[in-house]
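Engineer: What follows is run20.cif, mmCIF, C-alpha atoms.
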data_upload
loop_
_atom_site.label_atom_id
_atom_site.label_comp_id
_atom_site.auth_asym_id
_atom_site.auth_seq_id
_atom_site.Cartn_x
_atom_site.Cartn_y
_atom_site.Cartn_z
CA TRP A 546 65.03 -22.56 -172.69
CA ASN A 547 68.55 -21.18 -172.28
CA ASN A 548 68.70 -20.16 -175.95
CA LYS A 549 65.62 -17.98 -175.44
CA ILE A 550 67.36 -15.72 -172.93
CA VAL A 551 70.54 -15.23 -175.00
CA GLU A 552 70.24 -11.82 -176.63
CA LYS A 553 73.21 -12.28 -178.94
CA VAL A 554 76.25 -14.51 -179.45
CA ILE A 555 78.99 -11.89 -179.63
CA ILE A 556 81.83 -14.11 -180.77
CA GLU A 557 82.89 -17.73 -181.15
CA ASN A 558 86.58 -18.54 -181.44
CA LYS A 559 88.69 -21.60 -180.56
CA GLU A 560 91.31 -19.36 -179.00
CA LEU A 561 88.80 -18.38 -176.32
CA SER A 562 87.83 -21.95 -175.44
CA GLY A 563 88.84 -23.84 -172.32
CA HIS A 564 88.08 -23.64 -168.62
CA ASP A 565 91.43 -21.92 -167.98
CA VAL A 566 90.49 -18.89 -170.10
CA SER A 567 88.88 -15.90 -168.39
CA ILE A 568 87.50 -12.58 -169.59
CA ASN A 569 88.93 -10.03 -167.18
CA GLN A 570 87.76 -6.64 -168.38
CA PHE A 571 85.98 -4.91 -171.28
CA LEU A 572 88.00 -2.07 -172.82
CA ASP A 573 87.07 0.57 -175.42
CA GLY A 574 83.70 -1.03 -176.06
CA ASN A 575 84.88 -3.72 -178.47
CA LYS A 576 87.99 -5.20 -176.82
CA VAL A 577 88.33 -7.62 -173.92
CA LEU A 578 91.30 -8.46 -171.71
CA ILE A 579 91.88 -12.21 -171.64
CA THR A 580 94.03 -14.36 -169.33
CA ASN A 581 94.84 -17.93 -170.40
CA ILE A 582 96.25 -19.71 -167.35
CA ARG A 583 96.98 -23.02 -169.09
CA GLU A 584 98.80 -21.55 -172.10
CA LYS A 585 100.33 -18.79 -169.94
CA TYR A 586 99.48 -15.64 -171.82
CA VAL A 587 97.50 -12.42 -171.50
CA GLY A 588 95.94 -10.88 -174.57
CA LEU A 589 93.77 -8.05 -175.81
CA PHE A 590 91.05 -9.56 -178.02
CA ASP A 591 89.26 -7.44 -180.63
CA LEU A 592 85.61 -8.52 -180.80
CA GLU A 593 84.95 -6.76 -184.12
CA LYS A 594 87.91 -8.37 -185.90
CA ASN A 595 87.56 -11.70 -184.05
CA LYS A 596 91.26 -11.91 -183.28
CA TYR A 597 93.85 -10.83 -180.75
CA LYS A 598 95.30 -7.36 -181.14
CA TRP A 599 98.22 -8.65 -179.11
CA LYS A 600 99.11 -11.67 -177.01
CA THR A 601 101.96 -11.75 -174.47
CA PHE A 602 103.31 -14.85 -172.76
CA VAL A 603 104.05 -14.42 -169.06
CA ASP A 604 105.22 -16.55 -166.10
CA ASN A 605 102.35 -18.64 -164.72
CA PRO A 606 99.48 -16.11 -164.69
CA HIS A 607 97.15 -16.55 -161.73
CA HIS A 608 93.67 -15.11 -161.23
CA TRP A 609 92.48 -12.12 -163.21
CA SER A 610 94.44 -9.39 -164.93
CA LYS A 611 93.30 -5.77 -164.76
CA ALA A 612 94.04 -2.65 -166.79
CA ASN A 613 93.87 1.12 -166.77
CA ASP A 614 94.36 3.41 -169.78
CA GLU A 615 98.15 2.79 -169.87
CA TYR A 616 99.01 -0.59 -168.45
CA VAL A 617 97.85 -4.14 -167.88
CA TYR A 618 98.58 -5.55 -164.42
CA VAL A 619 99.13 -9.32 -164.42
CA ASN A 620 99.51 -11.52 -161.37
CA THR A 621 102.33 -13.93 -162.26
CA ARG A 622 104.40 -16.53 -160.40
CA VAL A 623 107.87 -18.00 -160.46
CA PHE A 624 109.24 -20.90 -158.44
CA ASN A 625 112.43 -21.00 -156.37
CA ASP A 626 113.83 -22.59 -153.23
CA LEU A 627 114.17 -21.08 -149.78
CA PRO A 628 116.38 -19.77 -148.31
CA LYS A 629 118.13 -19.43 -151.71
CA ALA A 630 115.49 -16.96 -152.95
CA ALA A 631 116.18 -14.60 -150.02
CA ASP A 632 118.97 -13.01 -152.01
CA THR A 633 118.77 -9.30 -151.15
CA LYS A 634 119.36 -7.45 -147.90
CA PHE A 635 115.63 -6.80 -147.46
CA LYS A 636 114.62 -10.39 -148.17
CA LYS A 637 117.29 -11.69 -145.80
CA SER A 638 115.84 -9.52 -143.04
CA SER A 639 112.36 -11.09 -143.36
CA ASN A 640 111.17 -14.14 -141.44
CA LEU A 641 110.63 -15.91 -144.78
CA ALA A 642 114.42 -16.20 -145.01
CA ASP A 643 114.23 -18.69 -142.12
CA CYS A 644 112.30 -21.19 -144.26
CA ILE A 645 113.87 -24.27 -145.79
CA HIS A 646 111.57 -25.34 -148.62
CA GLU A 647 111.83 -26.34 -152.29
CA ASN A 648 109.73 -25.10 -155.20
CA VAL A 649 108.18 -22.14 -153.36
CA MET A 650 105.62 -20.01 -155.25
CA PHE A 651 106.75 -16.39 -155.47
CA ASP A 652 104.19 -13.88 -156.75
CA GLN A 653 105.09 -11.04 -159.05
CA ILE A 654 103.21 -8.21 -160.76
CA THR A 655 104.03 -8.14 -164.47
CA ILE A 656 103.24 -4.81 -166.15
CA LEU A 657 102.35 -4.74 -169.87
CA ASP A 658 101.77 -1.82 -172.22
CA ILE A 659 98.04 -1.62 -172.96
CA LYS A 660 98.55 -0.71 -176.63
CA SER A 661 101.18 -3.26 -177.65
CA GLY A 662 101.36 -5.85 -174.87
CA ALA A 663 105.09 -5.17 -174.45
CA LYS A 664 106.52 -6.01 -171.03
CA ILE A 665 107.33 -2.83 -169.12
CA LYS A 666 108.60 -4.28 -165.85
CA ILE A 667 108.17 -7.06 -163.32
CA MET A 668 107.63 -6.24 -159.64
CA ASP A 669 108.87 -8.72 -157.04
CA LEU A 670 106.34 -8.97 -154.18
CA PHE A 671 108.88 -10.69 -151.92
CA GLU A 672 111.16 -7.66 -152.22
CA ILE A 673 108.31 -5.13 -151.91
CA ILE A 674 106.85 -6.66 -148.75
CA SER A 675 110.28 -7.26 -147.21
CA LYS A 676 111.05 -3.54 -147.53
CA ASN A 677 108.19 -2.76 -145.16
CA ASP A 678 109.27 -3.03 -141.51
CA ASN A 679 105.72 -3.70 -140.36
CA LEU A 680 105.16 -6.58 -142.79
CA LYS A 681 108.52 -8.26 -143.35
CA ASN A 682 108.07 -10.64 -140.41
CA THR A 683 104.40 -11.51 -140.98
CA PHE A 684 104.92 -14.39 -143.44
CA ARG A 685 103.03 -17.49 -142.29
CA LEU A 686 103.59 -20.15 -144.98
CA CYS A 687 106.87 -21.26 -146.55
CA ASN A 688 105.45 -23.00 -149.65
CA ASP A 689 102.98 -20.29 -150.77
CA PRO A 690 103.81 -17.14 -148.78
CA PHE A 691 101.70 -14.63 -150.75
CA HIS A 692 98.96 -16.19 -152.89
CA ASN A 693 98.10 -12.85 -154.44
CA ASN A 694 94.58 -13.19 -155.82
CA HIS A 695 93.67 -9.72 -157.03
CA ILE A 696 95.14 -6.55 -158.52
CA GLU A 697 93.09 -3.36 -158.59
CA PRO A 698 94.44 -0.21 -160.29
CA ILE A 699 93.71 2.95 -158.27
CA ASN A 700 91.92 5.22 -160.73
CA GLU A 701 91.94 9.01 -160.75
CA LYS A 702 88.57 9.27 -159.01
CA ILE A 703 89.71 7.12 -156.09
CA LYS A 704 93.31 8.35 -155.90
CA ILE A 705 92.56 11.37 -153.71
CA ASN A 706 91.44 9.06 -150.90
CA PHE A 707 94.84 7.38 -150.61
CA ARG A 708 97.73 9.19 -149.02
CA ASN A 709 100.74 9.41 -151.36
CA ALA A 710 98.83 7.82 -154.23
CA SER A 711 100.14 8.53 -157.74
CA LYS A 712 99.07 7.63 -161.23
CA ASN A 713 99.21 3.89 -161.99
CA ASP A 714 99.42 2.82 -158.33
CA PHE A 715 97.43 -0.29 -157.47
CA LEU A 716 96.09 -2.56 -154.73
CA ILE A 717 97.10 -6.16 -154.14
CA SER A 718 95.33 -8.84 -152.14
CA ALA A 719 97.80 -11.34 -150.63
CA ARG A 720 95.49 -14.07 -149.33
CA ASN A 721 98.05 -15.98 -147.25
CA LEU A 722 99.11 -12.79 -145.46
CA ASN A 723 95.52 -11.60 -144.83
CA LEU A 724 96.75 -8.43 -146.50
CA VAL A 725 95.39 -5.73 -148.81
CA ALA A 726 98.04 -3.15 -149.71
CA HIS A 727 98.48 -0.04 -151.83
CA VAL A 728 101.65 -0.40 -153.94
CA SER A 729 103.48 2.49 -155.57
CA PHE A 730 103.99 1.91 -159.30
CA GLU A 731 107.07 4.14 -159.50
CA ASN A 732 108.79 3.38 -156.20
CA GLU A 733 107.69 -0.26 -155.87
CA LYS A 734 106.95 0.08 -152.18
CA ILE A 735 103.90 -0.25 -149.97
CA GLU A 736 102.27 3.09 -149.20
CA TRP A 737 99.28 1.83 -147.19
CA PHE A 738 98.03 -1.52 -145.98
CA ILE A 739 95.45 -3.23 -143.85
CA GLN A 740 96.02 -6.69 -142.41
CA ASP A 741 94.31 -9.38 -140.31
CA ILE A 742 90.83 -7.86 -140.12
CA PHE A 743 89.82 -10.51 -142.66
CA ASP A 744 90.82 -14.12 -143.25
CA PHE A 745 91.73 -15.53 -146.70
CA GLN A 746 90.20 -12.50 -148.44
CA HIS A 747 89.54 -12.07 -152.18
CA SER A 748 88.56 -9.38 -154.65
CA PRO A 749 89.00 -5.96 -153.00
CA VAL A 750 86.98 -3.38 -154.95
CA LEU A 751 87.21 0.43 -154.66
CA ASP A 752 84.17 2.68 -154.77
CA ASP A 753 84.39 6.36 -153.75
CA ASN A 754 85.81 6.44 -150.19
CA PHE A 755 85.29 2.78 -149.50
CA LEU A 756 87.05 -0.51 -150.02
CA TYR A 757 84.86 -3.60 -150.29
CA VAL A 758 86.54 -6.92 -149.47
CA PHE A 759 85.17 -10.46 -149.77
CA ASP A 760 86.25 -12.06 -146.48
CA ASN A 761 86.24 -15.83 -147.01
CA LEU A 762 86.68 -17.08 -143.45
CA GLY A 763 86.42 -14.08 -141.11
CA GLY A 764 82.71 -14.28 -140.29
CA THR A 765 80.70 -16.36 -137.87
CA VAL A 766 80.17 -20.09 -138.27
CA ASP A 767 76.37 -19.64 -138.21
CA TYR A 768 76.55 -17.69 -141.48
CA GLY A 769 79.14 -19.93 -143.14
CA ARG A 770 82.06 -17.62 -142.17
CA ALA A 771 82.05 -15.71 -145.48
CA ARG A 772 81.16 -12.02 -145.37
CA ILE A 773 81.69 -8.74 -147.23
CA LEU A 774 83.48 -5.90 -145.44
CA LYS A 775 83.10 -2.19 -146.19
CA ILE A 776 86.24 -0.30 -145.14
CA ASP A 777 86.79 3.47 -145.04
CA VAL A 778 90.31 3.88 -146.43
CA ASN A 779 90.63 7.31 -144.80
CA THR A 780 90.49 5.86 -141.29
CA LYS A 781 93.59 3.67 -141.67
#
What do you get writing this file as structure tokens?
Structural biologist:
Amino acid sequence: WNNKIVEKVIIENKELSGHDVSINQFLDGNKVLITNIREKYVGLFDLEKNKYKWKTFVDNPHHWSKANDEYVYVNTRVFNDLPKAADTKFKKSSNLADCIHENVMFDQITILDIKSGAKIKIMDLFEIISKNDNLKNTFRLCNDPFHNNHIEPINEKIKINFRNASKNDFLISARNLNLVAHVSFENEKIEWFIQDIFDFQHSPVLDDNFLYVFDNLGGTVDYGRARILKIDVNTK
């Protein structure tokens, strides 16, 4: 009976097979943004031509990539030891510098050009969070301090609701910090954040004046602890 409800098979291609491949976003009507976690690349796939327009290999992509009309935002990871990785004055001032741990996962935001897939820059979340005096000592885990699980570009419609927001700024969701933060694309610093009103959150979504967050563990036991929060960004 499943075949009866399928309106149309849009495409079949071996390059899109595998449980580690995800469709992240439809763009321009006939293109889709793809992340392949196993083969470690992000690509823009043309549905009409049944091939990639471009494919860029990145460091350990994790969760879904997102795009606006200029850039693709990819959640990537590198591995290093602590305290060795605390190698700047800001990182050394954070409580993560007190950790002694091997093979720590450090999250980054890798920025790609939407037209060509060229790498524009890589943002170091350890450095960005350590620059913020209110957040630099809130690390809780040595082995996986961030676990960033979502990137959400702040579009032009939403931008007016965020103080100091500029074009190409974005939100991150750092699960292991119980943190959702607005990051400046140009200055690579945190402009706004909200922390610890949710527990192990995922998937913050912007709509008009509100931020919707899936709160994995912040609810009551009677309802399984998961809940969805609606947050007015203008009140923070």
Engineer: Quick check on the file I pasted: which residues fall under the PyMOL selection byres ((chain A and resi 577-589) around 10)? Write them as a PyMOL selection string.
Structural biologist: chain A and resi 560-576+590-592+596-612+617-619+621+657+659-662
Engineer: Quote the spacing between CA of Lys637 (chain A) and CA of Val623 (chain A) in Å to one decimal place.
Structural biologist: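 Interatomic distance, CA of Lys637 (chain A) to CA of Val623 (chain A): 18.5 Å.
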Engineer: Could you list, as a PDB file with C-alpha atoms, keeping the file's coordinate frame, every residue within 7 Å of region 681-695 of chain A, counting all atoms listed in the file and ignoring same-chain residues fewer than 5 positions away?
Structural biologist:
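Below you can see selection-v3.pdb, which holds the result:
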ATOM      1  CA  HIS A 608      93.670 -15.110-161.230  1.00  0.00           C
ATOM      2  CA  TRP A 609      92.480 -12.120-163.210  1.00  0.00           C
ATOM      3  CA  SER A 639     112.360 -11.090-143.360  1.00  0.00           C
ATOM      4  CA  ASN A 640     111.170 -14.140-141.440  1.00  0.00           C
ATOM      5  CA  LEU A 641     110.630 -15.910-144.780  1.00  0.00           C
ATOM      6  CA  CYS A 644     112.300 -21.190-144.260  1.00  0.00           C
ATOM      7  CA  HIS A 646     111.570 -25.340-148.620  1.00  0.00           C
ATOM      8  CA  VAL A 649     108.180 -22.140-153.360  1.00  0.00           C
ATOM      9  CA  MET A 650     105.620 -20.010-155.250  1.00  0.00           C
ATOM     10  CA  ASP A 652     104.190 -13.880-156.750  1.00  0.00           C
ATOM     11  CA  ILE A 674     106.850  -6.660-148.750  1.00  0.00           C
ATOM     12  CA  SER A 675     110.280  -7.260-147.210  1.00  0.00           C
ATOM     13  CA  LYS A 676     111.050  -3.540-147.530  1.00  0.00           C
ATOM     14  CA  ILE A 717      97.100  -6.160-154.140  1.00  0.00           C
ATOM     15  CA  SER A 718      95.330  -8.840-152.140  1.00  0.00           C
ATOM     16  CA  ALA A 719      97.800 -11.340-150.630  1.00  0.00           C
ATOM     17  CA  ARG A 720      95.490 -14.070-149.330  1.00  0.00           C
ATOM     18  CA  ASN A 721      98.050 -15.980-147.250  1.00  0.00           C
ATOM     19  CA  LEU A 722      99.110 -12.790-145.460  1.00  0.00           C
ATOM     20  CA  HIS A 747      89.540 -12.070-152.180  1.00  0.00           C
ATOM     21  CA  SER A 748      88.560  -9.380-154.650  1.00  0.00           C
TER      22      SER A 748
END
Engineer: Find the residues around region 725-737 of chain A up to 6 Å (all atoms listed in the file counted), leave out those fewer than 6 positions away in its own chain, and share them as a list in words.
Structural biologist: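 Contacts, in chain order: Ile673, Asn713, Asp714, Phe715, Leu716, Ile717 and Ser718 of chain A.
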Engineer: Report, in Å to a single decimal, how far apart CA of Ile773 (chain A) and CA of Leu756 (chain A) are.
Structural biologist: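 Straight-line distance from CA of Leu756 (chain A) to CA of Ile773 (chain A) works out to 10.2 Å.
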Engineer: As AutoDock Vina command-line options, please: the centre and edge lengths in Å, to one decimal, of an axis-aligned box enclosing every listed atom of region 628-635 of chain A with 4 Å added on each side.
Structural biologist:
--center_x 117.4 --center_y -13.3 --center_z -150.2 --size_x 11.9 --size_y 21.0 --size_z 13.5
Engineer: Take CA of Leu724 (chain A) and CA of Gln740 (chain A) and report the distance between them in Å, one decimal.
Structural biologist: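 About the pair CA of Leu724 (chain A) and CA of Gln740 (chain A): they are 4.5 Å apart.
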Engineer: Using only C-alpha atoms, which of the listed residues (A:Asn723, A:Glu672, A:Pro749, A:Phe707) sits closest to Val778 (chain A)?
Structural biologist: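 When distances to Val778 (chain A) are compared using only C-alpha atoms, the smallest one comes from A:Phe707.
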Engineer: Residue by residue, what does the PyMOL selection byres ((chain A and resi 775) around 12) grab here? Present the result as number ranges by chain.
Structural biologist: A: 742-743, 749-760, 772-774, 776-778, 780
Engineer: Can you tell me, as a list in words, what residues are no more than 8 Å from Lys666 (chain A) when counting only C-alpha atoms, ignoring any on the same chain fewer than 2 positions away?
Structural biologist: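 Near neighbours after the sequence-gap exclusion: Thr655, Ile656, Leu657, Lys664 and Met668 of chain A.
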Engineer: Evaluate the PyMOL selection byres ((chain A and resi 629) around 12) here and jot the selected residues down as a PyMOL selection string.
Structural biologist: chain A and resi 624-628+630-633+636-637+641-649
Engineer: Those same residues - C-alpha atoms - I'd like them written as a PDB file, in the coordinates of the input.
Structural biologist:
ATOM      1  CA  PHE A 624     109.240 -20.900-158.440  1.00  0.00           C
ATOM      2  CA  ASN A 625     112.430 -21.000-156.370  1.00  0.00           C
ATOM      3  CA  ASP A 626     113.830 -22.590-153.230  1.00  0.00           C
ATOM      4  CA  LEU A 627     114.170 -21.080-149.780  1.00  0.00           C
ATOM      5  CA  PRO A 628     116.380 -19.770-148.310  1.00  0.00           C
ATOM      6  CA  ALA A 630     115.490 -16.960-152.950  1.00  0.00           C
ATOM      7  CA  ALA A 631     116.180 -14.600-150.020  1.00  0.00           C
ATOM      8  CA  ASP A 632     118.970 -13.010-152.010  1.00  0.00           C
ATOM      9  CA  THR A 633     118.770  -9.300-151.150  1.00  0.00           C
ATOM     10  CA  LYS A 636     114.620 -10.390-148.170  1.00  0.00           C
ATOM     11  CA  LYS A 637     117.290 -11.690-145.800  1.00  0.00           C
ATOM     12  CA  LEU A 641     110.630 -15.910-144.780  1.00  0.00           C
ATOM     13  CA  ALA A 642     114.420 -16.200-145.010  1.00  0.00           C
ATOM     14  CA  ASP A 643     114.230 -18.690-142.120  1.00  0.00           C
ATOM     15  CA  CYS A 644     112.300 -21.190-144.260  1.00  0.00           C
ATOM     16  CA  ILE A 645     113.870 -24.270-145.790  1.00  0.00           C
ATOM     17  CA  HIS A 646     111.570 -25.340-148.620  1.00  0.00           C
ATOM     18  CA  GLU A 647     111.830 -26.340-152.290  1.00  0.00           C
ATOM     19  CA  ASN A 648     109.730 -25.100-155.200  1.00  0.00           C
ATOM     20  CA  VAL A 649     108.180 -22.140-153.360  1.00  0.00           C
TER      21      VAL A 649
END
Engineer: Considering only C-alpha atoms, state which residue in the set A:Phe651, A:Phe745, A:Tyr616, A:Phe738 is at the smallest distance from Asn679 (chain A).
Structural biologist: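 Answer, going by the shortest atom-to-atom distance: A:Phe738.
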